[in-house]
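Asks: One structure, pasted below without further comment.
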Amino acid sequence: NPRLITQLSREPLRAFQFGRGGCRRGLKVAVVGAGGGIGQPLSLLLKQNPHISTLSLHDLKNTPGVAADLSHINTRATVCAFEGKDGLKKAMDKADIVVVPAGMPRKPGMKREDLVGVNASVACEVAFAASDACPGALLAFITNPINVIVPIVATILKAKGTYDPNRLFGVTSLDVVRAKAFVGDFLNVDPQTVDVPVIGGHTGRTILPILSQCDPPYKGTDEEREALIHRIQEAGTEVVKAKDGLGSATLSMAYAASSFVNSLIKGIKGSDGDECIVECAYVESDVTEAKFFATPLILGPQGIKDNIGLPELDDVEKQALDCMLPILKESIEKGIKLGEDMV
Ligand code: LMR
C-alpha cells in the first residue's frame with residue numbers, strides 16, 4: 001500500500017510471559033503525532049519499554065525518518081511508520097494503547113482554549129479511526145485543550161458505540177511531574193521522593209495541586225504556598241513564554257506522558273504482588289459535579305480499576321475546588337456540544 005510509507009520490520013521477538021499471571025505477549029503502542037515536538041521524544045522514551053513489541057508511529061509527515069532512527073536502538077520494540085490521513089487506521093490497527101500528542105501548540109499570548117478550533121478536528125479524526133481500528137484500546141490524549149478535547153472524544157466514541165469510560169484518559173501527569181519538581185526544589189529534597197496529587201483539569205485554576213496531602217509534608221507560609229500553586233498552574237505558560245514563539249512544553253510533556261503510558265502498561269500486565277499502579281488523569285467521573293475530572297486512579301488490565309476520588313482537602317483547597325468547577329463544567333459542556341456536532 002503506497003500509504004504505508006515504510007515498515008521497518010524485523011521478526012518480532014517471540015512472545016514471552018511477563019510476571020506471574022500477567023500479560024503473555026508484547027504490546028502494540030501507537031503514537032499519533034509522532035513526528036512532532038512531543039511525539040519524537042515520547043517515542044524515544046517508549047522505545048525503551050521492554051513490554052512494547054510494536055511501536056507504531058503516525059503523523060502527517062516525518063514518521064519514516066523518526067522510525068528509521070529509532071529502529072537502530074537495540075531494544076525490543078519493532079518500529080513501524082505510517083503517514084497521512086489514510087495511514088491513521090493502519091497505525092492504530094489492533095493497538096493496545098494509543099497515545100495522542102497530535103495537534104497545534106500554543107504561541108505566546110494564547111490560552112489553551114484558543115486551540116479548540118484547530119485541535120478539535122484532529123482529536124475527532126483520531127476518535128473515529130480508533131473506533132474502527134482498535135475499539136478496545138486504552139486512549140491517552142495529550143492534545144490541548146484537554147478539558148474540552150476529552151469530552152469531545154468521549155461523545156464521538158459514544159456515538160460509534162465504542163466508548164468505555166475506563167479506557168479514555170486526558171494526560172495530566174505533567175502537572176504532577178511539575179508539582180513534584182517544584183515542591184522538591186522548595187523543600188530541598190529529591191523530587192523523585194515527593195508525592196503530591198493534582199486534581200481537576202489541565203488549564204489555569206482547574207489545575208489544583210493538593211499540597212495539604214504532600215509527602216513529605218509541604219511547610220511553606222501561606223504566601224509561599226499561594227505562589228507555588230500559581231507556578232504549577234501557570235507552568236505551561238512559563239515554557240511557552242521561554243520558547244518565545246517556538247511552541248510549548250515538549251520534553252517534560254514527553255517525559256510525563258511516557259511515565260503515564262508505562263503505568264498503563266504496568267496496569268495491563270498486572271502488578272507484582274500488592275503493588276497498586278496509581279496515576280492522576282482527567283477521565284469521566286462522578287467524584288464532583290464536573291462530568292470529567294482528574295483524581296488519582298488505580299490502573300488495571302482494563303484501564304481504570306478504581307477511582308480513588310478526592311484526596312482530603314483543607315479549607316483553602318475546598319474553596320479552590322468550588323472556584324474551578326464552573327470553569328471546568330463550561331469546558332465540558334462545550335466539548336460535548338462540539339462532539340455532538342461532529343457525529
Ligand atoms: C503544558 O502544560 O505545558 C501543555 O499543556 C502545553 C501548554 O500549552 O501549556
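So you can find residues: chains in the C-alpha cells are A, B, ... in the order shown, residues in each start at 1, and ligands are numbered from 1 in order.
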I'd like a table as a Markdown table: residues in chain A with an atom no more than 9 Å from ligand 1, each row giving the shortest atom pair and its distance in Å to one decimal, only C-alpha atoms and all ligand atoms counted, sorted by chain and rising residue number.

Replies:
| residue | atom | partner | partner_atom_place_in_ligand_line | distance |
| --- | --- | --- | --- | --- |
| A:Pro105 | CA | ligand 1 | 8 (O) | 5.9 |
| A:Arg106 | CA | ligand 1 | 8 (O) | 5.0 |
| A:Lys107 | CA | ligand 1 | 8 (O) | 8.0 |
| A:Met110 | CA | ligand 1 | 8 (O) | 8.3 |
| A:Lys111 | CA | ligand 1 | 8 (O) | 7.3 |
| A:Arg112 | CA | ligand 1 | 8 (O) | 5.5 |
| A:Leu115 | CA | ligand 1 | 8 (O) | 8.9 |
| A:Ile142 | CA | ligand 1 | 5 (O) | 7.7 |
| A:Thr143 | CA | ligand 1 | 5 (O) | 8.0 |
| A:Asn144 | CA | ligand 1 | 5 (O) | 6.2 |
| A:Pro145 | CA | ligand 1 | 5 (O) | 7.3 |
| A:Ile146 | CA | ligand 1 | 5 (O) | 7.8 |
| A:Thr172 | CA | ligand 1 | 2 (O) | 8.2 |
| A:Leu174 | CA | ligand 1 | 2 (O) | 6.6 |
| A:Asp175 | CA | ligand 1 | 2 (O) | 7.0 |
| A:His202 | CA | ligand 1 | 5 (O) | 6.8 |
| A:Thr203 | CA | ligand 1 | 5 (O) | 7.3 |
| A:Gln233 | CA | ligand 1 | 2 (O) | 8.4 |
| A:Glu234 | CA | ligand 1 | 9 (O) | 7.9 |
| A:Ala235 | CA | ligand 1 | 2 (O) | 6.5 |
| A:Gly236 | CA | ligand 1 | 9 (O) | 3.4 |
| A:Thr237 | CA | ligand 1 | 9 (O) | 5.3 |
| A:Glu238 | CA | ligand 1 | 9 (O) | 8.1 |
| A:Val239 | CA | ligand 1 | 3 (O) | 6.7 |
| A:Val240 | CA | ligand 1 | 9 (O) | 6.5 |
| A:Gly247 | CA | ligand 1 | 8 (O) | 7.8 |
| A:Ser248 | CA | ligand 1 | 6 (C) | 5.0 |
| A:Ala249 | CA | ligand 1 | 3 (O) | 4.4 |
| A:Thr250 | CA | ligand 1 | 3 (O) | 7.5 |
| A:Ser252 | CA | ligand 1 | 3 (O) | 7.9 |
| A:Met253 | CA | ligand 1 | 3 (O) | 6.6 |

Asks: Quick one: residues within 7 Å of A:Ala67, only C-alpha atoms counted, chain neighbours fewer than 2 positions away excluded, as a list of chain:residue names?

Replies: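 Using only C-alpha atoms, the neighbours found are A:Thr63, A:Pro64, A:Gly65, A:Asp69, A:Leu70, A:Ser71, A:Val79, A:Cys80, A:Ala81.
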
Asks: Could those selected residues go to a file with N, CA and C atoms, as an mmCIF file, in the first residue's frame?

Replies:
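The resulting file, selection-v4.cif, is shown below:
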data_model
loop_
_atom_site.group_PDB
_atom_site.id
_atom_site.type_symbol
_atom_site.label_atom_id
_atom_site.label_comp_id
_atom_site.auth_asym_id
_atom_site.auth_seq_id
_atom_site.Cartn_x
_atom_site.Cartn_y
_atom_site.Cartn_z
ATOM 1 N N THR A 63 7.348 10.669 9.811
ATOM 2 C CA THR A 63 7.499 9.430 10.586
ATOM 3 C C THR A 63 8.535 8.459 10.023
ATOM 4 N N PRO A 64 8.738 8.351 8.689
ATOM 5 C CA PRO A 64 9.729 7.363 8.236
ATOM 6 C C PRO A 64 11.129 7.632 8.802
ATOM 7 N N GLY A 65 11.505 8.900 8.842
ATOM 8 C CA GLY A 65 12.833 9.238 9.373
ATOM 9 C C GLY A 65 12.923 8.946 10.860
ATOM 10 N N ASP A 69 15.383 6.076 12.510
ATOM 11 C CA ASP A 69 16.291 6.473 13.578
ATOM 12 C C ASP A 69 16.070 5.594 14.819
ATOM 13 N N LEU A 70 14.815 5.516 15.268
ATOM 14 C CA LEU A 70 14.519 4.761 16.490
ATOM 15 C C LEU A 70 14.788 3.271 16.324
ATOM 16 N N SER A 71 14.593 2.778 15.089
ATOM 17 C CA SER A 71 14.728 1.325 14.881
ATOM 18 C C SER A 71 16.169 0.856 15.056
ATOM 19 N N VAL A 79 9.642 -0.921 15.159
ATOM 20 C CA VAL A 79 9.071 0.409 14.912
ATOM 21 C C VAL A 79 8.464 0.448 13.506
ATOM 22 N N CYS A 80 7.194 0.860 13.418
ATOM 23 C CA CYS A 80 6.521 0.983 12.121
ATOM 24 C C CYS A 80 6.167 2.450 11.906
ATOM 25 N N ALA A 81 6.181 2.889 10.653
ATOM 26 C CA ALA A 81 5.863 4.292 10.362
ATOM 27 C C ALA A 81 4.698 4.379 9.385
#

Asks: Could I get the residues of stretch 67-159 of chain A with an atom no further than 7 Å from an atom of stretch 41-52 of chain A, each paired with its nearest atom pair and that distance in Å to one decimal, using only C-alpha atoms, sorted by chain and residue number, as a Markdown table?

Replies:
| residue | atom | partner | partner_atom | distance |
| --- | --- | --- | --- | --- |
| A:Leu70 | CA | A:Leu44 | CA | 6.7 |
| A:Thr75 | CA | A:Gln48 | CA | 6.2 |
| A:Arg76 | CA | A:Pro50 | CA | 5.8 |
| A:Ala77 | CA | A:Ile52 | CA | 5.4 |

Asks: Go ahead and compute the interatomic distance for atom CA of A:Asn307 and atom CA of A:Ser285, in Å to one decimal.

Replies: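 Taking atom CA of A:Asn307 and atom CA of A:Ser285, their separation equals 8.2 Å.
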
Asks: Any idea what's packed within 12 Å of A:Ser212, counting only C-alpha atoms, ignoring anything in its chain fewer than 2 positions away? Could you give it as a list of chain:residue names?

Replies: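 Selected residues are A:Val183, A:Asp195, A:Val196, A:Pro197, A:Val198, A:Leu208, A:Pro209, A:Ile210, A:Cys214, A:Asp215, A:Pro216, A:Pro217, A:Tyr218, A:Lys219, A:Gly220, A:Asp222, A:Arg225, A:Ile229, A:Pro311, A:Glu312, A:Leu313, A:Asp314, A:Asp315, A:Val316, A:Glu317, A:Lys318.
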
Asks: Rounded to one decimal place, report the atom CA of A:Ala34-atom CA of A:Arg167 distance in Å.

Replies: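 Taking atom CA of A:Ala34 as the start and atom CA of A:Arg167 as the end point, the length is 21.0 Å.
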
Asks: Point out the residue among A:Ala91, A:Ile97, A:Leu264, A:Val29 with the least atom-to-atom distance to A:His58, counting only C-alpha atoms.

Replies: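 With only C-alpha atoms as the atom set, the closest residue is A:Ala91.
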